[in-house]
file input18.pdb (PDB, C-alpha atoms)
ATOM      1  CA  MET A1454     -34.699 -78.593  67.481
ATOM      2  CA  LYS A1455     -33.653 -79.604  63.984
ATOM      3  CA  GLU A1456     -30.462 -80.387  62.116
ATOM      4  CA  THR A1457     -29.437 -78.081  59.301
ATOM      5  CA  LYS A1458     -26.372 -76.999  57.349
ATOM      6  CA  VAL A1459     -24.902 -73.508  57.170
ATOM      7  CA  ALA A1460     -22.800 -72.432  54.195
ATOM      8  CA  THR A1461     -19.334 -71.054  54.940
ATOM      9  CA  VAL A1462     -18.043 -70.771  51.375
ATOM     10  CA  PRO A1463     -19.776 -71.838  48.154
ATOM     11  CA  GLY A1464     -20.346 -75.581  48.262
ATOM     12  CA  ARG A1465     -19.026 -76.013  51.820
ATOM     13  CA  PHE A1466     -21.260 -76.375  54.858
ATOM     14  CA  LEU A1467     -21.106 -76.713  58.638
ATOM     15  CA  ASP A1468     -23.516 -78.975  60.507
ATOM     16  CA  HIS A1469     -25.771 -77.042  62.854
ATOM     17  CA  ILE A1470     -28.694 -77.608  65.226
ATOM     18  CA  GLU A1471     -31.212 -74.791  65.536
ATOM     19  CA  MET A1472     -34.586 -74.130  67.129
ATOM     20  CA  CYS A1473     -37.748 -74.922  65.196
ATOM     21  CA  GLU A1474     -40.697 -72.613  64.734
ATOM     22  CA  PRO A1475     -42.976 -71.986  66.497
ATOM     23  CA  ILE A1476     -40.975 -71.154  69.621
ATOM     24  CA  GLU A1477     -43.367 -71.748  72.512
ATOM     25  CA  ASN A1478     -41.280 -70.297  75.350
ATOM     26  CA  PRO A1479     -40.932 -66.521  74.796
ATOM     27  CA  GLY A1480     -37.658 -66.520  76.718
ATOM     28  CA  LEU A1481     -36.039 -68.475  73.889
ATOM     29  CA  ILE A1482     -36.806 -65.904  71.204
ATOM     30  CA  HIS A1483     -33.603 -63.949  71.840
ATOM     31  CA  ILE A1484     -31.369 -66.999  72.341
ATOM     32  CA  THR A1485     -29.075 -67.361  69.339
ATOM     33  CA  THR A1486     -26.880 -70.229  68.199
ATOM     34  CA  SER A1487     -24.443 -70.715  65.363
ATOM     35  CA  PRO A1488     -21.988 -73.350  64.110
ATOM     36  CA  TYR A1489     -19.127 -70.864  63.918
ATOM     37  CA  CYS A1490     -16.033 -70.709  66.132
ATOM     38  CA  ARG A1491     -17.281 -67.750  68.118
ATOM     39  CA  SER A1492     -19.578 -67.159  71.037
ATOM     40  CA  GLU A1493     -22.986 -65.740  70.105
ATOM     41  CA  THR A1494     -24.073 -64.847  73.650
ATOM     42  CA  ARG A1495     -23.101 -61.379  74.868
ATOM     43  CA  TYR A1496     -25.242 -61.045  77.983
ATOM     44  CA  VAL A1497     -26.754 -63.280  80.636
ATOM     45  CA  MET A1498     -30.043 -64.369  79.051
ATOM     46  CA  PRO A1499     -32.655 -65.824  81.454
ATOM     47  CA  VAL A1500     -35.194 -68.378  80.252
ATOM     48  CA  THR A1501     -38.014 -69.222  82.666
ATOM     49  CA  VAL A1502     -39.240 -72.817  82.555
ATOM     50  CA  PRO A1503     -42.601 -73.389  84.310
ATOM     51  CA  LEU A1504     -42.395 -76.790  85.964
ATOM     52  CA  HIS A1505     -45.954 -77.706  84.951
ATOM     53  CA  ASP A1506     -44.793 -77.588  81.316
ATOM     54  CA  ILE A1507     -42.290 -80.344  82.091
ATOM     55  CA  PHE A1508     -43.824 -82.485  84.826
ATOM     56  CA  GLY A1509     -47.550 -81.928  84.358
ATOM     57  CA  PRO A1510     -50.346 -79.698  85.682
ATOM     58  CA  ASP A1511     -49.916 -80.724  89.322
ATOM     59  CA  GLU A1512     -46.465 -79.145  89.480
ATOM     60  CA  THR A1513     -45.979 -75.564  90.609
ATOM     61  CA  GLY A1514     -43.014 -73.237  90.570
ATOM     62  CA  GLU A1515     -40.406 -72.580  87.944
ATOM     63  CA  LEU A1516     -36.711 -72.819  87.162
ATOM     64  CA  ILE A1517     -34.825 -69.974  85.518
ATOM     65  CA  PHE A1518     -32.050 -71.169  83.226
ATOM     66  CA  CYS A1519     -29.481 -68.556  82.258
ATOM     67  CA  ASP A1520     -27.532 -68.715  79.020
ATOM     68  CA  THR A1521     -24.212 -67.055  79.764
ATOM     69  CA  PRO A1522     -21.426 -65.685  77.571
ATOM     70  CA  GLY A1523     -18.516 -68.006  76.995
ATOM     71  CA  PHE A1524     -15.200 -67.586  78.777
ATOM     72  CA  GLY A1525     -12.085 -67.348  76.626
ATOM     73  CA  ASP A1526     -14.187 -65.529  74.054
ATOM     74  CA  THR A1527     -12.861 -65.366  70.508
ATOM     75  CA  SER A1528     -13.711 -61.644  70.285
ATOM     76  CA  GLY A1529     -10.692 -60.712  72.382
ATOM     77  CA  PRO A1530      -9.574 -60.220  75.994
ATOM     78  CA  GLU A1531     -11.668 -57.092  76.587
ATOM     79  CA  VAL A1532     -14.865 -58.945  75.711
ATOM     80  CA  ASP A1533     -13.761 -61.911  77.814
ATOM     81  CA  ILE A1534     -13.175 -59.688  80.861
ATOM     82  CA  ALA A1535     -16.553 -58.003  80.395
ATOM     83  CA  ASN A1536     -18.273 -61.389  80.021
ATOM     84  CA  SER A1537     -16.631 -62.738  83.172
ATOM     85  CA  ALA A1538     -17.538 -59.657  85.204
ATOM     86  CA  GLY A1539     -21.132 -59.773  83.982
ATOM     87  CA  VAL A1540     -21.588 -63.433  84.884
ATOM     88  CA  LEU A1541     -20.072 -63.003  88.348
ATOM     89  CA  GLU A1542     -22.220 -59.949  89.051
ATOM     90  CA  ALA A1543     -25.336 -61.870  88.016
ATOM     91  CA  LEU A1544     -24.406 -64.773  90.298
ATOM     92  CA  LYS A1545     -23.875 -62.478  93.262
ATOM     93  CA  ASN A1546     -27.307 -60.901  92.804
ATOM     94  CA  CYS A1547     -29.167 -64.223  92.884
ATOM     95  CA  LYS A1548     -30.658 -65.575  96.100
ATOM     96  CA  SER A1549     -29.226 -68.946  95.144
ATOM     97  CA  VAL A1550     -27.898 -70.618  92.022
ATOM     98  CA  LYS A1551     -27.424 -74.124  90.703
ATOM     99  CA  ILE A1552     -24.609 -74.697  88.240
ATOM    100  CA  LEU A1553     -25.273 -76.674  85.060
ATOM    101  CA  ALA A1554     -21.784 -76.867  83.577
ATOM    102  CA  LEU A1555     -21.783 -77.739  79.877
ATOM    103  CA  SER A1556     -18.862 -79.230  77.995
ATOM    104  CA  SER A1557     -19.053 -79.380  74.202
ATOM    105  CA  TYR A1558     -17.261 -82.057  72.220
ATOM    106  CA  LYS A1559     -16.184 -79.380  69.742
ATOM    107  CA  SER A1560     -14.133 -77.608  72.420
ATOM    108  CA  SER A1561     -12.972 -80.675  74.341
ATOM    109  CA  GLY A1562      -9.687 -81.108  72.457
ATOM    110  CA  ASP A1563      -7.918 -84.370  71.782
ATOM    111  CA  ARG A1564      -6.491 -84.544  75.314
ATOM    112  CA  GLY A1565      -9.410 -83.210  77.332
ATOM    113  CA  GLN A1566      -8.163 -79.609  77.305
ATOM    114  CA  GLY A1567     -11.699 -78.240  77.105
ATOM    115  CA  ILE A1568     -12.852 -80.224  80.129
ATOM    116  CA  GLN A1569      -9.783 -79.101  82.066
ATOM    117  CA  LYS A1570     -10.494 -75.475  81.144
ATOM    118  CA  LEU A1571     -14.134 -75.814  82.225
ATOM    119  CA  ALA A1572     -13.032 -77.141  85.616
ATOM    120  CA  GLN A1573     -10.533 -74.302  86.056
ATOM    121  CA  ILE A1574     -13.171 -71.687  85.165
ATOM    122  CA  LEU A1575     -15.538 -73.072  87.800
ATOM    123  CA  VAL A1576     -12.777 -73.091  90.423
ATOM    124  CA  LYS A1577     -11.999 -69.424  89.739
ATOM    125  CA  MET A1578     -15.671 -68.464  89.674
ATOM    126  CA  ILE A1579     -16.770 -70.060  92.957
ATOM    127  CA  ASP A1580     -14.749 -69.759  96.161
ATOM    128  CA  HIS A1581     -14.282 -72.974  98.145
ATOM    129  CA  ILE A1582     -15.914 -74.936  95.358
ATOM    130  CA  GLU A1583     -14.854 -78.198  96.976
ATOM    131  CA  ASP A1584     -17.498 -77.508  99.665
ATOM    132  CA  ARG A1585     -20.238 -76.758  97.107
ATOM    133  CA  LEU A1586     -20.142 -79.738  94.795
ATOM    134  CA  LYS A1587     -23.747 -80.701  95.583
ATOM    135  CA  SER A1588     -24.791 -77.558  93.695
ATOM    136  CA  ILE A1589     -23.067 -78.523  90.437
ATOM    137  CA  MET A1590     -24.168 -80.802  87.615
ATOM    138  CA  TYR A1591     -22.149 -81.614  84.506
ATOM    139  CA  ALA A1592     -23.647 -82.211  81.083
ATOM    140  CA  PHE A1593     -22.048 -82.851  77.718
ATOM    141  CA  THR A1594     -23.162 -81.695  74.273
ATOM    142  CA  ASN A1595     -22.285 -82.803  70.737
ATOM    143  CA  TYR A1596     -20.829 -86.066  72.030
ATOM    144  CA  LYS A1597     -21.899 -89.390  70.573
ATOM    145  CA  LEU A1598     -24.300 -91.131  72.932
ATOM    146  CA  THR A1599     -21.845 -94.043  73.071
ATOM    147  CA  THR A1600     -18.938 -91.863  74.253
ATOM    148  CA  ASP A1601     -17.546 -92.965  77.618
ATOM    149  CA  ILE A1602     -17.134 -89.596  79.350
ATOM    150  CA  HIS A1603     -16.104 -91.310  82.572
ATOM    151  CA  ALA A1604     -13.145 -92.926  80.809
ATOM    152  CA  ILE A1605     -12.097 -89.588  79.285
ATOM    153  CA  LEU A1606     -12.130 -87.923  82.705
ATOM    154  CA  HIS A1607     -10.170 -90.762  84.285
ATOM    155  CA  ASP A1608      -7.558 -90.526  81.540
ATOM    156  CA  LEU A1609      -7.293 -86.753  82.023
ATOM    157  CA  LYS A1610      -6.642 -87.220  85.738
ATOM    158  CA  ASN A1611      -4.238 -90.150  85.409
ATOM    159  CA  SER A1612      -2.297 -89.034  82.338
ATOM    160  CA  LYS A1613      -2.139 -85.284  82.834
ATOM    161  CA  VAL A1614      -3.131 -84.059  86.279
ATOM    162  CA  ASN A1615      -1.221 -86.695  88.235
ATOM    163  CA  ASN A1616       1.927 -85.836  86.263
ATOM    164  CA  ASP A1617       1.629 -82.056  86.608
ATOM    165  CA  LEU A1618       2.727 -80.737  90.000
ATOM    166  CA  ALA A1619       0.881 -77.421  89.610
ATOM    167  CA  LEU A1620      -2.419 -79.110  88.736
ATOM    168  CA  ARG A1621      -1.957 -81.828  91.335
ATOM    169  CA  SER A1622      -1.342 -79.203  94.029
ATOM    170  CA  ASP A1623      -4.539 -77.284  93.231
ATOM    171  CA  LYS A1624      -6.845 -78.928  95.764
ATOM    172  CA  SER A1625      -9.985 -77.204  94.492
ATOM    173  CA  PHE A1626      -9.317 -78.245  90.898
ATOM    174  CA  VAL A1627      -8.556 -81.839  91.880
ATOM    175  CA  ALA A1628     -11.713 -81.959  94.027
ATOM    176  CA  LEU A1629     -13.840 -80.698  91.133
ATOM    177  CA  LEU A1630     -12.320 -83.108  88.614
ATOM    178  CA  THR A1631     -12.797 -85.981  91.058
ATOM    179  CA  ASP A1632     -16.428 -84.903  91.459
ATOM    180  CA  MET A1633     -16.865 -85.010  87.679
ATOM    181  CA  ILE A1634     -15.423 -88.524  87.651
ATOM    182  CA  ASN A1635     -17.680 -89.684  90.482
ATOM    183  CA  LYS A1636     -20.836 -88.199  88.961
ATOM    184  CA  THR A1637     -20.223 -89.843  85.580
ATOM    185  CA  GLU A1638     -19.358 -93.285  86.930
ATOM    186  CA  HIS A1639     -22.791 -94.701  86.130
ATOM    187  CA  GLY A1640     -23.259 -92.685  82.956
ATOM    188  CA  ALA A1641     -22.736 -89.068  81.984
ATOM    189  CA  GLU A1642     -25.544 -86.666  81.119
ATOM    190  CA  ILE A1643     -25.063 -86.461  77.350
ATOM    191  CA  ILE A1644     -27.645 -84.056  75.958
ATOM    192  CA  ASN A1645     -29.442 -85.250  72.840
ATOM    193  CA  LEU A1646     -30.700 -82.033  71.264
ATOM    194  CA  ILE A1647     -32.737 -83.749  68.558
ATOM    195  CA  GLY A1648     -34.465 -86.712  70.163
ATOM    196  CA  GLY A1649     -33.806 -86.192  73.855
ATOM    197  CA  ASN A1650     -36.358 -85.595  76.597
ATOM    198  CA  PRO A1651     -35.546 -82.593  78.839
ATOM    199  CA  LYS A1652     -37.540 -84.033  81.748
ATOM    200  CA  SER A1653     -34.661 -86.082  83.169
ATOM    201  CA  LEU A1654     -32.159 -83.229  82.898
ATOM    202  CA  ILE A1655     -34.478 -80.684  84.505
ATOM    203  CA  ALA A1656     -35.359 -83.097  87.307
ATOM    204  CA  LYS A1657     -31.666 -83.496  88.118
ATOM    205  CA  VAL A1658     -31.054 -79.740  88.056
ATOM    206  CA  ARG A1659     -34.083 -79.239  90.271
ATOM    207  CA  SER A1660     -32.679 -81.642  92.868
ATOM    208  CA  LEU A1661     -29.365 -79.781  93.229
ATOM    209  CA  ASP A1662     -28.649 -77.760  96.343
ATOM    210  CA  GLY A1663     -28.761 -74.009  95.827
ATOM    211  CA  LEU A1664     -25.615 -72.037  96.592
ATOM    212  CA  VAL A1665     -25.032 -68.397  97.402
ATOM    213  CA  VAL A1666     -22.151 -66.683  95.595
ATOM    214  CA  ILE A1667     -20.539 -63.932  97.672
TER     215      ILE A1667
END

call {"tool": "encode", "arguments": {"input": "input18.pdb", "output": "C-alpha coordinates"}}
result
Amino acid sequence: MKETKVATVPGRFLDHIEMCEPIENPGLIHITTSPYCRSETRYVMPVTVPLHDIFGPDETGELIFCDTPGFGDTSGPEVDIANSAGVLEALKNCKSVKILALSSYKSSGDRGQGIQKLAQILVKMIDHIEDRLKSIMYAFTNYKLTTDIHAILHDLKNSKVNNDLALRSDKSFVALLTDMINKTEHGAEIINLIGGNPKSLIAKVRSLDGLVVI
(Lines of atoms letter the chains of each structure in order from A and count residues from 1; the text may use other names and numbers.)
(Lines give C-alpha, C1' and ligand atoms only; values in the text may rest on other atoms or scores of the structure.)
Protein backbone atom coordinates (compact mmCIF):
# COMPACT_ATOMS: atom_id res chain seq x y z
CA MET A 1 0.00 0.00 0.00
CA LYS A 2 1.15 3.55 -0.64
CA GLU A 3 -0.02 7.07 0.10
CA THR A 4 -0.98 9.27 -2.82
CA LYS A 5 -3.07 12.32 -3.64
CA VAL A 6 -6.04 12.48 -5.99
CA ALA A 7 -7.03 15.75 -7.65
CA THR A 8 -10.63 16.90 -7.19
CA VAL A 9 -10.36 20.33 -8.80
CA PRO A 10 -7.25 22.03 -10.19
CA GLY A 11 -4.76 22.53 -7.37
CA ARG A 12 -6.86 20.68 -4.77
CA PHE A 13 -6.20 17.12 -3.68
CA LEU A 14 -7.58 14.39 -1.42
CA ASP A 15 -5.27 12.08 0.51
CA HIS A 16 -5.61 8.47 -0.58
CA ILE A 17 -4.07 5.05 0.09
CA GLU A 18 -3.94 2.63 -2.82
CA MET A 19 -2.46 -0.75 -3.67
CA CYS A 20 1.05 -0.95 -5.10
CA GLU A 21 2.08 -2.91 -8.15
CA PRO A 22 2.72 -5.76 -8.52
CA ILE A 23 -0.42 -7.18 -6.90
CA GLU A 24 0.54 -10.67 -5.76
CA ASN A 25 -2.89 -11.96 -4.75
CA PRO A 26 -5.06 -12.25 -7.90
CA GLY A 27 -8.19 -11.79 -5.81
CA LEU A 28 -7.19 -8.18 -5.17
CA ILE A 29 -7.03 -7.20 -8.83
CA HIS A 30 -10.72 -6.27 -8.97
CA ILE A 31 -10.83 -4.58 -5.55
CA THR A 32 -11.15 -0.83 -6.02
CA THR A 33 -10.70 2.05 -3.60
CA SER A 34 -11.11 5.79 -3.85
CA PRO A 35 -10.94 8.85 -1.58
CA TYR A 36 -14.36 10.08 -2.68
CA CYS A 37 -17.56 10.18 -0.62
CA ARG A 38 -19.08 7.20 -2.36
CA SER A 39 -18.86 3.45 -2.11
CA GLU A 40 -16.81 1.80 -4.86
CA THR A 41 -17.88 -1.78 -4.12
CA ARG A 42 -21.01 -2.99 -5.91
CA TYR A 43 -20.84 -6.73 -5.30
CA VAL A 44 -19.50 -9.12 -2.68
CA MET A 45 -15.87 -9.59 -3.74
CA PRO A 46 -14.07 -12.62 -2.25
CA VAL A 47 -10.32 -12.58 -1.70
CA THR A 48 -8.71 -15.90 -0.75
CA VAL A 49 -5.75 -15.67 1.62
CA PRO A 50 -3.65 -18.87 1.84
CA LEU A 51 -2.53 -19.19 5.44
CA HIS A 52 0.98 -20.30 4.44
CA ASP A 53 1.47 -16.85 2.88
CA ILE A 54 0.89 -15.29 6.30
CA PHE A 55 2.16 -17.77 8.87
CA GLY A 56 4.75 -19.76 6.94
CA PRO A 57 5.03 -22.98 4.91
CA ASP A 58 3.89 -25.26 7.73
CA GLU A 59 0.42 -23.72 7.73
CA THR A 60 -2.39 -25.18 5.64
CA GLY A 61 -5.85 -23.95 4.78
CA GLU A 62 -7.11 -20.55 3.80
CA LEU A 63 -9.38 -17.70 4.83
CA ILE A 64 -11.72 -16.02 2.38
CA PHE A 65 -12.19 -12.32 3.09
CA CYS A 66 -15.17 -10.69 1.39
CA ASP A 67 -15.25 -7.01 0.52
CA THR A 68 -18.90 -6.02 0.71
CA PRO A 69 -20.86 -3.02 -0.55
CA GLY A 70 -21.46 -0.29 1.97
CA PHE A 71 -24.81 0.21 3.67
CA GLY A 72 -26.39 3.65 3.43
CA ASP A 73 -24.88 3.93 -0.04
CA THR A 74 -24.57 7.40 -1.53
CA SER A 75 -25.96 6.16 -4.87
CA GLY A 76 -29.50 6.11 -3.52
CA PRO A 77 -31.99 3.89 -1.68
CA GLU A 78 -32.45 1.43 -4.55
CA VAL A 79 -28.73 0.65 -4.62
CA ASP A 80 -28.68 0.42 -0.83
CA ILE A 81 -31.54 -2.11 -0.82
CA ALA A 82 -29.83 -4.17 -3.53
CA ASN A 83 -26.53 -4.08 -1.63
CA SER A 84 -28.19 -5.19 1.60
CA ALA A 85 -30.04 -8.04 -0.10
CA GLY A 86 -26.88 -9.21 -1.84
CA VAL A 87 -24.83 -9.28 1.35
CA LEU A 88 -27.52 -11.14 3.30
CA GLU A 89 -27.94 -13.70 0.52
CA ALA A 90 -24.18 -14.28 0.46
CA LEU A 91 -24.11 -14.78 4.23
CA LYS A 92 -26.93 -17.29 4.12
CA ASN A 93 -25.13 -19.36 1.48
CA CYS A 94 -21.94 -19.72 3.52
CA LYS A 95 -21.33 -22.74 5.73
CA SER A 96 -20.11 -20.34 8.38
CA VAL A 97 -18.93 -16.74 8.56
CA LYS A 98 -16.80 -14.60 10.81
CA ILE A 99 -17.59 -10.90 10.95
CA LEU A 100 -14.76 -8.37 10.66
CA ALA A 101 -16.63 -5.11 11.23
CA LEU A 102 -14.71 -2.06 10.03
CA SER A 103 -15.28 1.48 11.23
CA SER A 104 -13.59 4.31 9.34
CA TYR A 105 -12.63 7.55 11.05
CA LYS A 106 -13.97 9.44 8.03
CA SER A 107 -17.50 8.17 8.69
CA SER A 108 -17.36 8.13 12.49
CA GLY A 109 -18.79 11.63 12.97
CA ASP A 110 -17.99 13.99 15.80
CA ARG A 111 -20.30 12.17 18.23
CA GLY A 112 -19.70 8.56 17.22
CA GLN A 113 -22.62 8.45 14.78
CA GLY A 114 -20.73 6.17 12.41
CA ILE A 115 -19.94 3.65 15.13
CA GLN A 116 -23.56 3.71 16.27
CA LYS A 117 -24.73 3.11 12.70
CA LEU A 118 -22.29 0.20 12.29
CA ALA A 119 -23.66 -1.42 15.45
CA GLN A 120 -27.25 -0.97 14.27
CA ILE A 121 -26.45 -2.49 10.86
CA LEU A 122 -24.96 -5.58 12.50
CA VAL A 123 -27.98 -5.95 14.79
CA LYS A 124 -30.35 -5.85 11.81
CA MET A 125 -28.18 -8.22 9.78
CA ILE A 126 -27.75 -11.00 12.35
CA ASP A 127 -30.63 -12.33 14.43
CA HIS A 128 -29.93 -12.79 18.14
CA ILE A 129 -26.56 -11.14 17.72
CA GLU A 130 -26.12 -10.96 21.48
CA ASP A 131 -25.62 -14.76 21.42
CA ARG A 132 -23.05 -14.61 18.59
CA LEU A 133 -20.55 -12.05 19.80
CA LYS A 134 -17.67 -14.56 19.74
CA SER A 135 -17.95 -14.49 15.94
CA ILE A 136 -17.41 -10.73 15.62
CA MET A 137 -14.23 -8.67 15.60
CA TYR A 138 -14.05 -4.89 15.34
CA ALA A 139 -11.30 -3.00 13.55
CA PHE A 140 -10.81 0.69 12.87
CA THR A 141 -9.31 2.39 9.82
CA ASN A 142 -7.96 5.89 9.18
CA TYR A 143 -7.69 6.56 12.91
CA LYS A 144 -4.48 7.85 14.43
CA LEU A 145 -2.66 5.04 16.20
CA THR A 146 -2.87 7.10 19.40
CA THR A 147 -6.67 7.39 19.27
CA ASP A 148 -8.37 5.90 22.33
CA ILE A 149 -11.24 3.99 20.69
CA HIS A 150 -12.27 2.55 24.05
CA ALA A 151 -12.84 6.05 25.42
CA ILE A 152 -14.90 7.03 22.35
CA LEU A 153 -17.13 3.98 22.78
CA HIS A 154 -17.58 4.62 26.49
CA ASP A 155 -18.56 8.22 25.78
CA LEU A 156 -21.06 7.08 23.14
CA LYS A 157 -22.71 4.73 25.63
CA ASN A 158 -22.69 7.12 28.58
CA SER A 159 -23.55 10.36 26.79
CA LYS A 160 -25.97 9.16 24.13
CA VAL A 161 -27.26 5.63 24.59
CA ASN A 162 -27.93 5.90 28.32
CA ASN A 163 -29.96 9.07 27.69
CA ASP A 164 -32.00 7.71 24.78
CA LEU A 165 -34.85 5.44 25.85
CA ALA A 166 -35.22 3.83 22.41
CA LEU A 167 -31.52 2.96 22.18
CA ARG A 168 -31.33 1.90 25.81
CA SER A 169 -34.30 -0.44 25.33
CA ASP A 170 -32.73 -2.19 22.32
CA LYS A 171 -31.10 -5.10 24.14
CA SER A 172 -29.28 -6.41 21.07
CA PHE A 173 -27.80 -3.00 20.28
CA VAL A 174 -26.71 -2.43 23.87
CA ALA A 175 -25.16 -5.92 24.00
CA LEU A 176 -23.20 -5.27 20.81
CA LEU A 177 -21.98 -1.84 21.93
CA THR A 178 -20.96 -3.30 25.29
CA ASP A 179 -19.07 -6.03 23.42
CA MET A 180 -17.23 -3.36 21.43
CA ILE A 181 -16.30 -1.63 24.67
CA ASN A 182 -15.09 -4.85 26.28
CA LYS A 183 -13.03 -5.92 23.26
CA THR A 184 -11.25 -2.56 23.04
CA GLU A 185 -10.46 -2.24 26.74
CA HIS A 186 -6.85 -3.32 26.29
CA GLY A 187 -6.41 -1.65 22.91
CA ALA A 188 -8.46 -1.48 19.74
CA GLU A 189 -7.42 -3.07 16.45
CA ILE A 190 -6.43 0.06 14.52
CA ILE A 191 -5.36 -0.99 11.04
CA ASN A 192 -2.17 0.63 9.78
CA LEU A 193 -2.45 0.31 6.00
CA ILE A 194 1.05 1.60 5.29
CA GLY A 195 3.36 0.06 7.87
CA GLY A 196 1.16 -2.51 9.57
CA ASN A 197 1.63 -6.27 9.64
CA PRO A 198 -1.52 -8.24 8.69
CA LYS A 199 -0.37 -11.31 10.64
CA SER A 200 -1.87 -10.19 13.96
CA LEU A 201 -5.20 -9.19 12.41
CA ILE A 202 -5.56 -12.42 10.44
CA ALA A 203 -4.64 -14.51 13.48
CA LYS A 204 -7.43 -12.84 15.46
CA VAL A 205 -9.97 -13.35 12.67
CA ARG A 206 -8.89 -16.97 12.38
CA SER A 207 -9.57 -17.54 16.08
CA LEU A 208 -13.18 -16.31 15.92
CA ASP A 209 -16.04 -18.76 16.16
CA GLY A 210 -17.87 -19.35 12.89
CA LEU A 211 -21.57 -18.55 12.79
CA VAL A 212 -24.36 -19.71 10.52
CA VAL A 213 -26.73 -17.04 9.21
CA ILE A 214 -30.26 -18.35 8.65

call {"tool": "resolve_selection", "arguments": {"input": "input18.pdb", "expression": "the PyMOL selection byres ((chain A and resi 1514) around 9)", "output": "list in words"}}
result
Val1502, Pro1503, Leu1504, His1505, Glu1512, Thr1513, Glu1515 and Leu1516 of chain A

call {"tool": "residues_around", "arguments": {"input": "input18.pdb", "residues": "Tyr1591 in chain A", "least_positions_apart": "4", "cutoff": "12 Å", "atoms": "only C-alpha atoms", "output": "PDB file with C-alpha atoms, in the frame of the given file"}}
result
ATOM      1  CA  LYS A1551     -27.424 -74.124  90.703  1.00  0.00           C
ATOM      2  CA  ILE A1552     -24.609 -74.697  88.240  1.00  0.00           C
ATOM      3  CA  LEU A1553     -25.273 -76.674  85.060  1.00  0.00           C
ATOM      4  CA  ALA A1554     -21.784 -76.867  83.577  1.00  0.00           C
ATOM      5  CA  LEU A1555     -21.783 -77.739  79.877  1.00  0.00           C
ATOM      6  CA  SER A1556     -18.862 -79.230  77.995  1.00  0.00           C
ATOM      7  CA  SER A1557     -19.053 -79.380  74.202  1.00  0.00           C
ATOM      8  CA  ILE A1568     -12.852 -80.224  80.129  1.00  0.00           C
ATOM      9  CA  LEU A1571     -14.134 -75.814  82.225  1.00  0.00           C
ATOM     10  CA  ALA A1572     -13.032 -77.141  85.616  1.00  0.00           C
ATOM     11  CA  LEU A1575     -15.538 -73.072  87.800  1.00  0.00           C
ATOM     12  CA  LEU A1586     -20.142 -79.738  94.795  1.00  0.00           C
ATOM     13  CA  LYS A1587     -23.747 -80.701  95.583  1.00  0.00           C
ATOM     14  CA  ILE A1602     -17.134 -89.596  79.350  1.00  0.00           C
ATOM     15  CA  HIS A1603     -16.104 -91.310  82.572  1.00  0.00           C
ATOM     16  CA  LEU A1606     -12.130 -87.923  82.705  1.00  0.00           C
ATOM     17  CA  LEU A1629     -13.840 -80.698  91.133  1.00  0.00           C
ATOM     18  CA  LEU A1630     -12.320 -83.108  88.614  1.00  0.00           C
ATOM     19  CA  ASP A1632     -16.428 -84.903  91.459  1.00  0.00           C
ATOM     20  CA  MET A1633     -16.865 -85.010  87.679  1.00  0.00           C
ATOM     21  CA  ILE A1634     -15.423 -88.524  87.651  1.00  0.00           C
ATOM     22  CA  ASN A1635     -17.680 -89.684  90.482  1.00  0.00           C
ATOM     23  CA  LYS A1636     -20.836 -88.199  88.961  1.00  0.00           C
ATOM     24  CA  THR A1637     -20.223 -89.843  85.580  1.00  0.00           C
ATOM     25  CA  GLY A1640     -23.259 -92.685  82.956  1.00  0.00           C
ATOM     26  CA  ALA A1641     -22.736 -89.068  81.984  1.00  0.00           C
ATOM     27  CA  GLU A1642     -25.544 -86.666  81.119  1.00  0.00           C
ATOM     28  CA  ILE A1643     -25.063 -86.461  77.350  1.00  0.00           C
ATOM     29  CA  ILE A1644     -27.645 -84.056  75.958  1.00  0.00           C
ATOM     30  CA  LEU A1654     -32.159 -83.229  82.898  1.00  0.00           C
ATOM     31  CA  LYS A1657     -31.666 -83.496  88.118  1.00  0.00           C
ATOM     32  CA  VAL A1658     -31.054 -79.740  88.056  1.00  0.00           C
ATOM     33  CA  LEU A1661     -29.365 -79.781  93.229  1.00  0.00           C
TER      34      LEU A1661
END

call {"tool": "closest_residue", "arguments": {"input": "input18.pdb", "among": "A:Val1666, A:Lys1577, A:Ser1487, A:Glu1477", "to": "Asp1506 in chain A", "atoms": "only C-alpha atoms"}}
result
A:Glu1477

call {"tool": "closest_residue", "arguments": {"input": "input18.pdb", "among": "A:Asp1580, A:Asp1601, A:Glu1456, A:Glu1531", "to": "Met1472 in chain A", "atoms": "only C-alpha atoms"}}
result
A:Glu1456

call {"tool": "closest_residue", "arguments": {"input": "input18.pdb", "among": "A:Ile1484, A:Leu1618, A:Leu1646, A:Leu1541", "to": "Met1454 in chain A", "atoms": "all atoms listed in the file"}}
result
A:Leu1646

call {"tool": "atom_distance", "arguments": {"input": "input18.pdb", "atom1": "CA of Gly1648 in chain A", "atom2": "CA of Asp1662 in chain A"}}
result
28.3 Å

call {"tool": "resolve_selection", "arguments": {"input": "input18.pdb", "expression": "the PyMOL selection byres ((chain A and resi 1519) around 9)", "output": "ChimeraX atom specification"}}
result
/A:1497-1501,1517-1518,1520-1521

call {"tool": "residues_near_point", "arguments": {"input": "input18.pdb", "point": "(-27.2, -81.0, 63.2)", "cutoff": "7 Å", "atoms": "all atoms listed in the file", "output": "VMD selection string"}}
result
chain A and resid 1455 to 1457 1468 to 1470

call {"tool": "atom_distance", "arguments": {"input": "input18.pdb", "atom1": "CA of Val1459 in chain A", "atom2": "CA of Gly1562 in chain A"}}
result
22.9 Å

call {"tool": "atom_distance", "arguments": {"input": "input18.pdb", "atom1": "CA of Glu1471 in chain A", "atom2": "CA of Ser1561 in chain A"}}
result
21.1 Å

call {"tool": "resolve_selection", "arguments": {"input": "input18.pdb", "expression": "the PyMOL selection byres ((chain A and resi 1579) around 10)", "output": "number ranges by chain"}}
result
A: 1541, 1544, 1574-1578, 1580-1583, 1585, 1625, 1664-1667

call {"tool": "residues_around", "arguments": {"input": "input18.pdb", "residues": "range 1619-1622 of chain A", "least_positions_apart": "2", "cutoff": "12 Å", "atoms": "only C-alpha atoms", "output": "list in words"}}
result
Gln1569, Lys1570, Ala1572, Gln1573, Leu1609, Lys1610, Asn1611, Ser1612, Lys1613, Val1614, Asn1615, Asn1616, Asp1617, Lys1624, Ser1625, Phe1626, Val1627, Ala1628, Leu1629, Leu1630 and Thr1631 of chain A
